[in-house]
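Below is the file data.cif, which contains mmCIF, C-alpha atoms and all ligand atoms.
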data_target
#
loop_
_atom_site.label_atom_id
_atom_site.label_comp_id
_atom_site.auth_asym_id
_atom_site.auth_seq_id
_atom_site.Cartn_x
_atom_site.Cartn_y
_atom_site.Cartn_z
CA MET A 1 3.10 14.56 -27.53
CA ILE A 2 3.91 15.61 -24.00
CA ILE A 3 0.73 16.30 -22.05
CA LYS A 4 2.41 16.76 -18.69
CA ASN A 5 5.97 17.91 -18.21
CA ARG A 6 8.25 16.92 -15.40
CA LYS A 7 9.01 19.69 -12.92
CA VAL A 8 11.83 19.97 -10.41
CA PRO A 9 10.37 18.19 -7.36
CA MET A 10 9.40 20.57 -4.58
CA ILE A 11 11.59 18.69 -2.09
CA ILE A 12 14.64 19.75 -4.15
CA GLU A 13 13.56 23.41 -4.11
CA LEU A 14 12.87 23.16 -0.38
CA GLU A 15 16.20 21.60 0.52
CA GLN A 16 18.10 24.09 -1.67
CA ALA A 17 16.27 26.91 0.14
CA VAL A 18 17.13 25.37 3.53
CA LEU A 19 20.83 25.21 2.63
CA ARG A 20 20.78 28.90 1.58
CA ARG A 21 19.14 30.03 4.82
CA LEU A 22 20.14 27.60 7.55
CA LEU A 23 21.84 29.21 10.54
CA PRO A 24 24.51 28.74 11.80
CA PRO A 25 26.63 27.74 8.78
CA ASP A 26 27.82 24.63 10.66
CA HIS A 27 24.28 23.60 11.71
CA PRO A 28 24.39 19.88 12.65
CA LYS A 29 21.64 19.03 10.11
CA ARG A 30 23.43 20.64 7.14
CA THR A 31 25.36 17.52 6.03
CA LEU A 32 22.27 15.35 6.40
CA ILE A 33 20.24 17.72 4.19
CA LYS A 34 23.08 18.03 1.66
CA ASN A 35 23.20 14.22 1.29
CA ASP A 36 19.43 13.97 1.02
CA LEU A 37 19.41 16.71 -1.63
CA ALA A 38 22.12 14.91 -3.63
CA LYS A 39 19.93 11.76 -3.61
CA TRP A 40 16.86 13.67 -4.87
CA GLU A 41 18.86 15.53 -7.51
CA SER A 42 20.39 12.34 -8.86
CA GLY A 43 16.92 10.73 -8.99
CA PHE A 44 15.54 13.73 -10.87
CA MET A 45 18.44 13.74 -13.34
CA GLY A 46 17.80 10.04 -13.94
CA GLU A 47 14.14 10.69 -14.68
CA GLU A 48 15.12 13.56 -16.98
CA SER A 49 17.44 11.27 -18.98
CA LEU A 50 14.36 9.25 -19.90
CA ASN A 51 12.99 12.22 -21.91
CA TYR A 52 15.52 11.70 -24.70
CA TYR A 53 14.30 8.14 -25.34
CA VAL A 54 10.59 8.91 -24.96
CA ASP A 55 10.95 11.76 -27.50
CA ARG A 56 12.14 9.20 -30.03
CA LEU A 57 9.05 7.00 -29.83
CA PRO A 58 6.52 7.21 -32.67
CA GLN A 59 4.45 10.18 -31.48
CA LYS A 60 1.20 9.56 -33.39
CA HIS A 61 -1.66 9.37 -30.86
CA LEU A 62 0.89 9.04 -28.06
CA HIS A 63 0.11 11.01 -24.91
CA ILE A 64 3.06 11.38 -22.53
CA PHE A 65 2.70 12.16 -18.82
CA ASN A 66 5.82 12.73 -16.76
CA ASP A 67 5.83 12.34 -13.01
CA LEU A 68 2.09 11.93 -12.63
CA ARG A 69 0.77 11.39 -9.09
CA LEU A 70 -2.79 10.14 -8.86
CA LYS A 71 -5.12 9.37 -6.02
CA ASN A 72 -6.85 6.03 -5.95
CA GLY A 73 -9.25 5.75 -3.03
CA MET A 74 -7.20 6.31 0.13
CA TYR A 75 -3.81 6.05 -1.56
CA HIS A 76 -1.63 7.95 -3.99
CA PHE A 77 0.53 6.34 -6.65
CA GLN A 78 3.16 7.96 -8.83
CA ASN A 79 4.60 7.07 -12.24
CA ASP A 80 7.95 8.34 -13.52
CA CYS A 81 6.44 8.28 -17.01
CA LEU A 82 3.08 7.13 -18.33
CA LEU A 83 2.37 6.58 -22.02
CA LEU A 84 -1.25 6.53 -23.11
CA THR A 85 -2.32 5.33 -26.56
CA PRO A 86 -5.70 4.24 -27.96
CA HIS A 87 -4.49 0.62 -27.76
CA PHE A 88 -2.63 0.36 -24.45
CA THR A 89 -0.98 2.19 -21.58
CA LEU A 90 2.66 1.78 -20.66
CA ILE A 91 4.19 2.67 -17.28
CA ILE A 92 7.91 3.41 -17.36
CA GLU A 93 9.66 3.31 -14.01
CA VAL A 94 13.32 4.38 -14.04
CA LYS A 95 15.93 3.08 -11.64
CA ASN A 96 19.29 4.61 -10.91
CA TYR A 97 21.09 1.53 -9.51
CA SER A 98 24.80 0.88 -10.07
CA GLY A 99 26.66 -2.41 -9.82
CA THR A 100 25.08 -5.80 -10.56
CA LEU A 101 21.39 -6.42 -10.02
CA TYR A 102 20.11 -9.93 -9.41
CA PHE A 103 16.43 -10.79 -9.64
CA ASP A 104 14.92 -14.00 -8.33
CA THR A 105 11.17 -13.92 -8.83
CA ILE A 106 10.72 -17.40 -7.31
CA SER A 107 12.15 -16.66 -3.87
CA LYS A 108 11.17 -13.01 -4.42
CA GLN A 109 14.61 -11.56 -3.84
CA PHE A 110 16.25 -8.56 -5.38
CA ILE A 111 19.95 -8.14 -4.58
CA ARG A 112 22.34 -5.41 -5.64
CA THR A 113 26.08 -6.17 -5.55
CA ILE A 114 28.62 -3.39 -5.70
CA GLY A 115 32.29 -3.53 -4.68
CA GLY A 116 31.83 -7.07 -3.29
CA ARG A 117 29.02 -5.92 -1.00
CA GLU A 118 25.53 -7.36 -1.32
CA ASP A 119 22.42 -5.37 -0.40
CA SER A 120 18.79 -6.31 -0.56
CA PHE A 121 16.44 -3.57 -1.77
CA ASP A 122 12.71 -3.11 -2.27
CA ASP A 123 11.91 -5.10 -5.38
CA PRO A 124 11.19 -2.67 -8.26
CA ILE A 125 9.03 -5.34 -9.95
CA ILE A 126 6.65 -5.46 -6.99
CA GLN A 127 6.66 -1.67 -6.94
CA VAL A 128 5.72 -1.32 -10.63
CA GLU A 129 3.15 -4.14 -10.41
CA GLU A 130 1.51 -2.20 -7.60
CA GLN A 131 1.41 0.90 -9.84
CA GLN A 132 -0.09 -1.19 -12.64
CA GLU A 133 -2.83 -2.48 -10.32
CA GLN A 134 -3.57 1.02 -9.02
CA LEU A 135 -3.79 2.45 -12.53
CA LEU A 136 -6.10 -0.35 -13.73
CA ASP A 137 -8.28 0.40 -10.73
CA TRP A 138 -8.19 4.14 -11.42
CA LEU A 139 -9.23 3.52 -15.04
CA MET A 140 -11.96 1.10 -13.98
CA THR A 141 -13.59 3.70 -11.73
CA ARG A 142 -13.81 5.81 -14.92
CA ASN A 143 -15.43 2.95 -16.84
CA ILE A 144 -12.29 2.14 -18.85
CA THR A 145 -12.11 -1.60 -18.44
CA SER A 146 -10.54 -2.97 -21.61
CA LEU A 147 -7.39 -0.83 -21.90
CA PRO A 148 -4.33 -2.98 -21.13
CA VAL A 149 -1.69 -1.54 -18.78
CA ASP A 150 1.87 -2.77 -19.34
CA PHE A 151 5.13 -1.69 -17.75
CA ILE A 152 8.87 -1.28 -18.27
CA ILE A 153 11.61 -0.81 -15.69
CA GLY A 154 14.30 1.34 -17.28
CA ILE A 155 17.86 1.05 -15.94
CA ILE A 156 19.58 4.42 -16.29
CA ASN A 157 23.25 3.57 -15.74
CA PRO A 158 24.60 1.86 -18.91
CA LYS A 159 27.26 0.08 -16.82
CA THR A 160 24.73 -1.60 -14.53
CA ILE A 161 24.55 -5.35 -15.11
CA VAL A 162 21.20 -7.11 -14.79
CA GLU A 163 21.15 -10.82 -13.95
CA ALA A 164 18.30 -13.19 -13.18
CA HIS A 165 17.76 -16.65 -11.70
CA PRO A 166 17.37 -19.26 -14.51
CA ASP A 167 13.64 -19.46 -13.68
CA SER A 168 13.24 -15.68 -13.77
CA GLN A 169 14.50 -14.98 -17.31
CA HIS A 170 11.15 -13.45 -18.29
CA ILE A 171 12.15 -10.27 -16.44
CA PHE A 172 14.37 -9.31 -19.39
CA GLN A 173 11.19 -8.57 -21.33
CA PHE A 174 10.52 -5.57 -19.14
CA ILE A 175 13.76 -4.69 -17.30
CA LEU A 176 16.06 -3.00 -19.76
CA HIS A 177 18.54 -0.18 -20.25
CA LEU A 178 17.07 3.06 -21.55
CA PRO A 179 18.35 2.78 -25.18
CA HIS A 180 16.16 -0.36 -25.60
CA ILE A 181 12.94 1.41 -24.66
CA LYS A 182 11.96 2.19 -28.24
CA ASN A 183 12.21 -1.47 -29.35
CA GLU A 184 10.28 -2.63 -26.31
CA PHE A 185 7.60 0.01 -26.92
CA LEU A 186 7.20 -1.22 -30.52
CA GLU A 187 7.05 -4.82 -29.29
CA VAL A 188 4.33 -3.97 -26.74
CA LYS A 189 2.49 -2.00 -29.42
CA SER A 190 2.49 -4.98 -31.78
CA ASN A 191 0.86 -7.09 -29.05
CA TYR A 192 -2.15 -4.79 -28.73
CA ASN A 193 -3.92 -4.34 -32.03
CA GLU A 194 -7.38 -3.70 -30.74
CA GLU A 195 -8.38 -0.07 -30.41
CA CYS A 196 -9.73 0.31 -26.86
CA LEU A 197 -10.20 4.09 -26.90
CA THR A 198 -11.53 6.35 -29.65
CA LEU A 199 -9.45 9.50 -30.19
CA ARG A 200 -12.14 11.44 -28.36
CA GLU A 201 -11.96 9.06 -25.39
CA LEU A 202 -8.17 9.29 -25.50
CA SER A 203 -8.24 13.06 -25.06
CA GLU A 204 -10.96 12.81 -22.40
CA ILE A 205 -8.91 10.39 -20.30
CA SER A 206 -5.83 12.48 -20.98
CA GLY A 207 -7.57 15.56 -19.56
CA GLN A 208 -8.76 13.59 -16.53
CA LEU A 209 -5.23 12.36 -15.84
CA VAL A 210 -3.81 15.90 -15.88
CA ARG A 211 -6.64 17.27 -13.73
CA SER A 212 -6.21 14.42 -11.24
CA HIS A 213 -2.49 15.06 -10.75
CA SER A 214 -1.92 15.86 -7.07
CA PRO A 215 1.73 16.69 -6.37
CA LYS A 216 3.06 15.82 -2.95
CA VAL A 217 3.71 18.79 -0.68
CA PRO A 218 6.75 17.69 1.29
CA ASP A 219 7.37 18.63 4.89
CA ILE A 220 10.94 19.72 5.47
CA HIS A 221 10.64 20.86 9.08
CA THR A 222 9.58 17.65 10.83
CA PRO A 223 12.04 15.10 9.35
CA PHE A 224 15.05 17.32 10.08
CA GLY A 225 13.66 18.89 13.27
CA LEU A 226 13.96 22.45 11.88
CA LYS A 227 12.27 25.52 13.29
CA ARG A 228 11.43 28.76 11.51
CA SER A 229 13.97 30.52 13.72
CA ASP A 230 16.71 28.34 12.14
CA PHE A 231 16.43 30.36 8.93
CA GLN A 232 18.29 33.57 8.28
CA ARG A 233 16.66 36.68 6.80
CA GLY A 234 18.19 38.96 4.18
CA VAL A 235 18.95 39.01 0.46
CA GLN A 236 21.59 36.57 -0.76
CA CYS A 237 24.34 37.64 -3.18
CA PRO A 238 23.96 35.59 -6.39
CA ASN A 239 27.74 35.62 -6.83
CA CYS A 240 29.41 34.90 -3.45
CA LEU A 241 26.24 33.68 -1.64
CA PHE A 242 26.71 36.18 1.21
CA LEU A 243 23.38 36.77 3.00
CA GLY A 244 22.74 40.47 3.63
CA MET A 245 22.92 42.54 0.44
CA ASN A 246 22.19 46.25 0.96
CA ARG A 247 19.56 48.23 -0.92
CA GLU A 248 21.04 51.37 -2.46
CA ASN A 249 19.93 53.37 -5.50
CA ARG A 250 17.20 50.85 -6.42
CA LYS A 251 19.65 47.95 -6.56
CA TRP A 252 21.08 45.29 -4.26
CA HIS A 253 24.76 45.66 -3.44
CA CYS A 254 26.95 42.94 -1.94
CA PRO A 255 29.27 44.38 0.75
CA ARG A 256 31.61 41.42 0.33
CA CYS A 257 32.18 40.98 -3.43
CA TYR A 258 30.53 44.23 -4.69
CA THR A 259 28.13 42.38 -6.99
CA VAL A 260 25.11 44.49 -7.96
CA SER A 261 21.74 42.91 -8.67
CA LYS A 262 18.27 44.17 -9.51
CA THR A 263 16.47 40.92 -8.79
CA ALA A 264 18.25 39.20 -5.86
CA HIS A 265 15.22 39.80 -3.59
CA LEU A 266 13.06 37.42 -5.65
CA GLN A 267 15.04 34.42 -4.38
CA ALA A 268 14.63 35.64 -0.79
CA ILE A 269 10.85 35.96 -1.21
CA ASP A 270 10.68 32.51 -2.78
CA ASP A 271 12.70 31.04 0.11
CA TYR A 272 10.30 32.68 2.56
CA LEU A 273 7.26 31.22 0.76
CA LEU A 274 8.88 27.77 0.77
CA LEU A 275 10.26 27.70 4.30
CA ILE A 276 8.37 30.12 6.52
CA ASN A 277 4.86 30.75 5.25
CA PRO A 278 2.96 30.02 1.98
CA SER A 279 1.97 33.71 1.76
CA ILE A 280 3.74 37.01 2.45
CA THR A 281 2.48 40.50 3.38
CA ASN A 282 4.26 43.80 2.77
CA GLN A 283 5.30 44.03 6.42
CA GLN A 284 6.72 40.48 6.40
CA CYS A 285 8.57 41.26 3.16
CA LYS A 286 10.09 44.42 4.66
CA GLU A 287 11.39 42.38 7.63
CA LEU A 288 12.63 39.58 5.38
CA LEU A 289 14.60 41.88 3.07
CA LEU A 290 15.88 43.93 6.06
CA LEU A 291 14.43 47.14 4.58
CA LYS A 292 13.75 50.30 6.54
CA ASP A 293 11.17 51.71 4.14
CA ARG A 294 7.88 49.83 3.62
CA HIS A 295 7.29 51.66 0.33
CA ILE A 296 10.31 49.87 -1.14
CA SER A 297 9.07 46.43 -0.11
CA TYR A 298 5.62 47.40 -1.45
CA LYS A 299 7.15 48.27 -4.83
CA LEU A 300 9.31 45.14 -4.93
CA LEU A 301 6.37 42.88 -4.07
CA SER A 302 3.93 44.51 -6.50
CA ARG A 303 6.47 44.23 -9.34
CA SER A 304 7.44 40.64 -8.46
CA GLY A 305 4.80 39.13 -10.74
CA LEU A 306 3.67 36.84 -7.91
CA PRO A 307 -0.03 35.98 -7.68
CA PHE A 308 -1.86 37.82 -4.89
CA SER A 309 -5.18 38.27 -3.16
CA GLY A 310 -6.67 41.12 -1.14
CA THR A 311 -6.23 44.85 -1.51
CA ASN A 312 -4.17 47.59 0.12
CA ARG A 313 -2.86 46.55 3.54
CA GLY A 314 -4.68 43.22 3.39
CA ARG A 315 -2.86 42.13 0.24
CA VAL A 316 -0.89 38.85 0.44
CA TYR A 317 1.34 37.31 -2.24
CA TYR A 318 1.78 33.62 -3.04
CA ARG A 319 4.27 31.40 -4.80
CA ALA A 320 3.65 31.08 -8.55
CA ASP A 321 2.90 27.50 -9.68
ZN ZN B 1 28.78 38.79 -3.02
#
Could you write out this file's structure as structure tokens?
Amino acid sequence: MIIKNRKVPMIIELEQAVLRRLLPPDHPKRTLIKNDLAKWESGFMGEESLNYYVDRLPQKHLHIFNDLRLKNGMYHFQNDCLLLTPHFTLIIEVKNYSGTLYFDTISKQFIRTIGGREDSFDDPIIQVEEQQEQLLDWLMTRNITSLPVDFIIGIINPKTIVEAHPDSQHIFQFILHLPHIKNEFLEVKSNYNEECLTLRELSEISGQLVRSHSPKVPDIHTPFGLKRSDFQRGVQCPNCLFLGMNRENRKWHCPRCYTVSKTAHLQAIDDYLLLINPSITNQQCKELLLLKDRHISYKLLSRSGLPFSGTNRGRVYYRAD
């Protein structure tokens, strides 16, 4: 059963918000952010495609954690998918490479060839071994010392070819295309017969894993050199994306395509909470939505369903988790 679901990474939400709000429309950083967003979105879609195969594993006493980020001492480590059973733990790392992949574990080289061009990348085996070590360490600090931690590297693209040096053929035990994950899971399962965790211990560790999840809060301003003044205020039309819908008769009206919306301000408030400030007051909301009447922004905020703290004029609203 799924204990922790995968969420759209915050960096994707942030970059989408930047692209909605960035002024001027031909801002020099726009293309850079668009390309970066495409990279994150493709990575997320790849991780999501793993769900189909994990759903098909025998679910009895199987605890599934998607996109879990844990802290071990000074460092954080993140797993695309972690499977916890009473007998073993399995890390699944997914990779979205195209072309031909060549692994040489002797000279420690990992080369990707595509269109006749060879590129050397960070070795995913070293990466997943590092995660394995960190997880063993994390478990050990919780007095779980006998639970084996194994791993799989799942190749998403069915057309990607995986090759290995003759002395590195063992990699095919753990580097495989996603449709083979079930067989590999059953193989790993058959290797670990000893029950290392009671069902009670399983759910205890499961709870600790979820509570220890610490998602990364990305910084969008520094890497792209963006300032708060780069972002445009106003309510965006959900149809033609024009920024600056007008409030009339309790609805938002687009002066360009005449779309009418009751809820278009919610996106604007969310963009503000992502890009400008993690909390918003009534006054800030009034300025953001370009409203003349603070009673309207008060009503819109109080009906937004967003969590808040404080009372009356001191009330501030936050982004829902
Ligand atoms: Zn419009």
Residues within 12 Å of ligand ZN 1 (chain B), counting all atoms listed in the file, as a list in words:
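So, counting all atoms listed in the file, the residues near ligand ZN 1 (chain B) are Val235, Gln236, Cys237, Pro238, Asn239, Cys240, Leu241, Phe242, Leu243, Gly244, Met245, Asn246, Trp252, His253, Cys254, Pro255, Arg256, Cys257, Tyr258, Thr259, Val260, Ser261 and Ala264 of chain A.
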Pairwise distance for atom CA of A:Ala17 and atom CA of A:Ile33, rounded to one decimal in Å
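Between these atoms lies a distance of 10.8 Å.
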Computed interatomic separation between atom CA of A:Asp122 and atom CA of A:Gln169 (Å)
19.2 Å
Please provide as a PyMOL selection string all residues within 12 Å of A:Gly115, with the sequence filter that same-chain residues fewer than 3 positions apart are discarded (counting only C-alpha atoms).
chain A and resi 98-100+112+118-119
Residue contacts of A:Arg200 (12 Å, only C-alpha atoms) excluding same-chain residues fewer than 4 positions away, as an mmCIF file with C-alpha atoms, keeping the file's coordinate frame:
data_model
loop_
_atom_site.group_PDB
_atom_site.id
_atom_site.type_symbol
_atom_site.label_atom_id
_atom_site.label_comp_id
_atom_site.auth_asym_id
_atom_site.auth_seq_id
_atom_site.Cartn_x
_atom_site.Cartn_y
_atom_site.Cartn_z
ATOM 1 C CA HIS A 61 -1.660 9.370 -30.860
ATOM 2 C CA THR A 85 -2.320 5.330 -26.560
ATOM 3 C CA PRO A 86 -5.700 4.240 -27.960
ATOM 4 C CA CYS A 196 -9.730 0.310 -26.860
ATOM 5 C CA GLU A 204 -10.960 12.810 -22.400
ATOM 6 C CA ILE A 205 -8.910 10.390 -20.300
ATOM 7 C CA SER A 206 -5.830 12.480 -20.980
ATOM 8 C CA GLY A 207 -7.570 15.560 -19.560
#
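Across the structure, atom CA of A:Gln232 and atom CA of A:Leu266 are spaced 15.4 Å apart.
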Name the residues in contact with stretch 130-132 of chain A at a cut-off of 12 Å, using only C-alpha atoms, excluding same-chain residues fewer than 3 positions from it; report them as a ChimeraX atom specification.
/A:68-72,75-82,89-93,123-127,135-139,147-153
Could you name the residues that touch A:Arg21 at 12 Å or less, counting all atoms listed in the file, but leaving out those on the same chain fewer than 4 positions away, as a VMD selection string?
chain A and resid 14 to 17 25 to 27 30 226 to 236 241 to 244 267 to 272 274 to 276 288
Could the residues in this selection be written to a file with C-alpha atoms, as an mmCIF file, keeping the file's coordinate frame?
data_model
loop_
_atom_site.group_PDB
_atom_site.id
_atom_site.type_symbol
_atom_site.label_atom_id
_atom_site.label_comp_id
_atom_site.auth_asym_id
_atom_site.auth_seq_id
_atom_site.Cartn_x
_atom_site.Cartn_y
_atom_site.Cartn_z
ATOM 1 C CA LEU A 14 12.870 23.160 -0.380
ATOM 2 C CA GLU A 15 16.200 21.600 0.520
ATOM 3 C CA GLN A 16 18.100 24.090 -1.670
ATOM 4 C CA ALA A 17 16.270 26.910 0.140
ATOM 5 C CA PRO A 25 26.630 27.740 8.780
ATOM 6 C CA ASP A 26 27.820 24.630 10.660
ATOM 7 C CA HIS A 27 24.280 23.600 11.710
ATOM 8 C CA ARG A 30 23.430 20.640 7.140
ATOM 9 C CA LEU A 226 13.960 22.450 11.880
ATOM 10 C CA LYS A 227 12.270 25.520 13.290
ATOM 11 C CA ARG A 228 11.430 28.760 11.510
ATOM 12 C CA SER A 229 13.970 30.520 13.720
ATOM 13 C CA ASP A 230 16.710 28.340 12.140
ATOM 14 C CA PHE A 231 16.430 30.360 8.930
ATOM 15 C CA GLN A 232 18.290 33.570 8.280
ATOM 16 C CA ARG A 233 16.660 36.680 6.800
ATOM 17 C CA GLY A 234 18.190 38.960 4.180
ATOM 18 C CA VAL A 235 18.950 39.010 0.460
ATOM 19 C CA GLN A 236 21.590 36.570 -0.760
ATOM 20 C CA LEU A 241 26.240 33.680 -1.640
ATOM 21 C CA PHE A 242 26.710 36.180 1.210
ATOM 22 C CA LEU A 243 23.380 36.770 3.000
ATOM 23 C CA GLY A 244 22.740 40.470 3.630
ATOM 24 C CA GLN A 267 15.040 34.420 -4.380
ATOM 25 C CA ALA A 268 14.630 35.640 -0.790
ATOM 26 C CA ILE A 269 10.850 35.960 -1.210
ATOM 27 C CA ASP A 270 10.680 32.510 -2.780
ATOM 28 C CA ASP A 271 12.700 31.040 0.110
ATOM 29 C CA TYR A 272 10.300 32.680 2.560
ATOM 30 C CA LEU A 274 8.880 27.770 0.770
ATOM 31 C CA LEU A 275 10.260 27.700 4.300
ATOM 32 C CA ILE A 276 8.370 30.120 6.520
ATOM 33 C CA LEU A 288 12.630 39.580 5.380
#
Counting only C-alpha atoms, which residues of stretch 82-130 of chain A sit at most 9 Å from some atom of stretch 42-57 of chain A, and what is each one's closest atom pair with its distance in Å to one decimal, listed by chain and rising residue number, as a tab-separated table?
residue	atom	partner	partner_atom	distance
A:Glu93	CA	A:Glu47	CA	8.7
A:Val94	CA	A:Glu47	CA	6.4
A:Lys95	CA	A:Gly46	CA	7.6
A:Asn96	CA	A:Gly46	CA	6.4
Selecting N, CA and C atoms, how would stretch 172-195 of chain A from this structure be written as a CSV table (one decimal), in the first residue's frame?
chain,number,residue,atom,x,y,z
A,172,PHE,N,23.3,-6.0,-15.0
A,172,PHE,CA,22.0,-6.3,-15.5
A,172,PHE,C,21.0,-6.9,-14.5
A,173,GLN,N,21.6,-7.2,-13.3
A,173,GLN,CA,20.7,-7.7,-12.2
A,173,GLN,C,19.9,-6.5,-11.7
A,174,PHE,N,20.5,-5.3,-11.7
A,174,PHE,CA,19.7,-4.2,-11.1
A,174,PHE,C,19.5,-3.0,-12.0
A,175,ILE,N,20.0,-3.0,-13.2
A,175,ILE,CA,19.6,-1.9,-14.1
A,175,ILE,C,18.7,-2.6,-15.2
A,176,LEU,N,17.4,-2.1,-15.2
A,176,LEU,CA,16.5,-2.8,-16.1
A,176,LEU,C,15.4,-1.8,-16.5
A,177,HIS,N,14.7,-2.1,-17.5
A,177,HIS,CA,13.6,-1.3,-18.0
A,177,HIS,C,12.4,-1.6,-17.1
A,178,LEU,N,11.5,-0.5,-16.9
A,178,LEU,CA,10.4,-0.6,-15.9
A,178,LEU,C,9.6,-1.9,-16.0
A,179,PRO,N,9.2,-2.4,-17.2
A,179,PRO,CA,8.3,-3.6,-17.2
A,179,PRO,C,9.0,-4.8,-16.4
A,180,HIS,N,10.3,-4.8,-16.2
A,180,HIS,CA,10.9,-6.0,-15.6
A,180,HIS,C,11.0,-5.8,-14.0
A,181,ILE,N,10.5,-4.7,-13.5
A,181,ILE,CA,10.6,-4.4,-12.1
A,181,ILE,C,9.9,-5.5,-11.3
A,182,LYS,N,8.7,-6.0,-11.7
A,182,LYS,CA,8.0,-7.0,-10.9
A,182,LYS,C,8.9,-8.3,-10.7
A,183,ASN,N,9.4,-8.8,-11.9
A,183,ASN,CA,10.2,-10.0,-11.8
A,183,ASN,C,11.4,-9.8,-10.9
A,184,GLU,N,12.1,-8.6,-11.0
A,184,GLU,CA,13.2,-8.3,-10.2
A,184,GLU,C,12.9,-8.3,-8.7
A,185,PHE,N,11.7,-7.7,-8.4
A,185,PHE,CA,11.2,-7.5,-7.0
A,185,PHE,C,11.0,-9.0,-6.5
A,186,LEU,N,10.4,-9.8,-7.3
A,186,LEU,CA,10.1,-11.2,-6.8
A,186,LEU,C,11.5,-12.0,-6.6
A,187,GLU,N,12.4,-11.7,-7.4
A,187,GLU,CA,13.8,-12.3,-7.3
A,187,GLU,C,14.4,-11.9,-6.0
A,188,VAL,N,14.4,-10.5,-5.8
A,188,VAL,CA,15.0,-10.0,-4.5
A,188,VAL,C,14.3,-10.6,-3.3
A,189,LYS,N,13.0,-10.7,-3.4
A,189,LYS,CA,12.2,-11.2,-2.3
A,189,LYS,C,12.5,-12.6,-2.0
A,190,SER,N,12.8,-13.4,-3.0
A,190,SER,CA,13.1,-14.8,-2.8
A,190,SER,C,14.5,-15.0,-2.1
A,191,ASN,N,15.3,-13.9,-2.2
A,191,ASN,CA,16.7,-14.0,-1.6
A,191,ASN,C,16.6,-13.7,-0.1
A,192,TYR,N,15.6,-13.0,0.3
A,192,TYR,CA,15.5,-12.6,1.7
A,192,TYR,C,14.3,-13.3,2.4
A,193,ASN,N,14.6,-14.5,3.0
A,193,ASN,CA,13.5,-15.2,3.6
A,193,ASN,C,13.3,-14.8,5.1
A,194,GLU,N,14.4,-14.3,5.7
A,194,GLU,CA,14.3,-14.1,7.1
A,194,GLU,C,13.4,-12.8,7.4
A,195,GLU,N,12.6,-13.0,8.4
A,195,GLU,CA,11.7,-11.8,8.8
A,195,GLU,C,12.5,-10.9,9.7
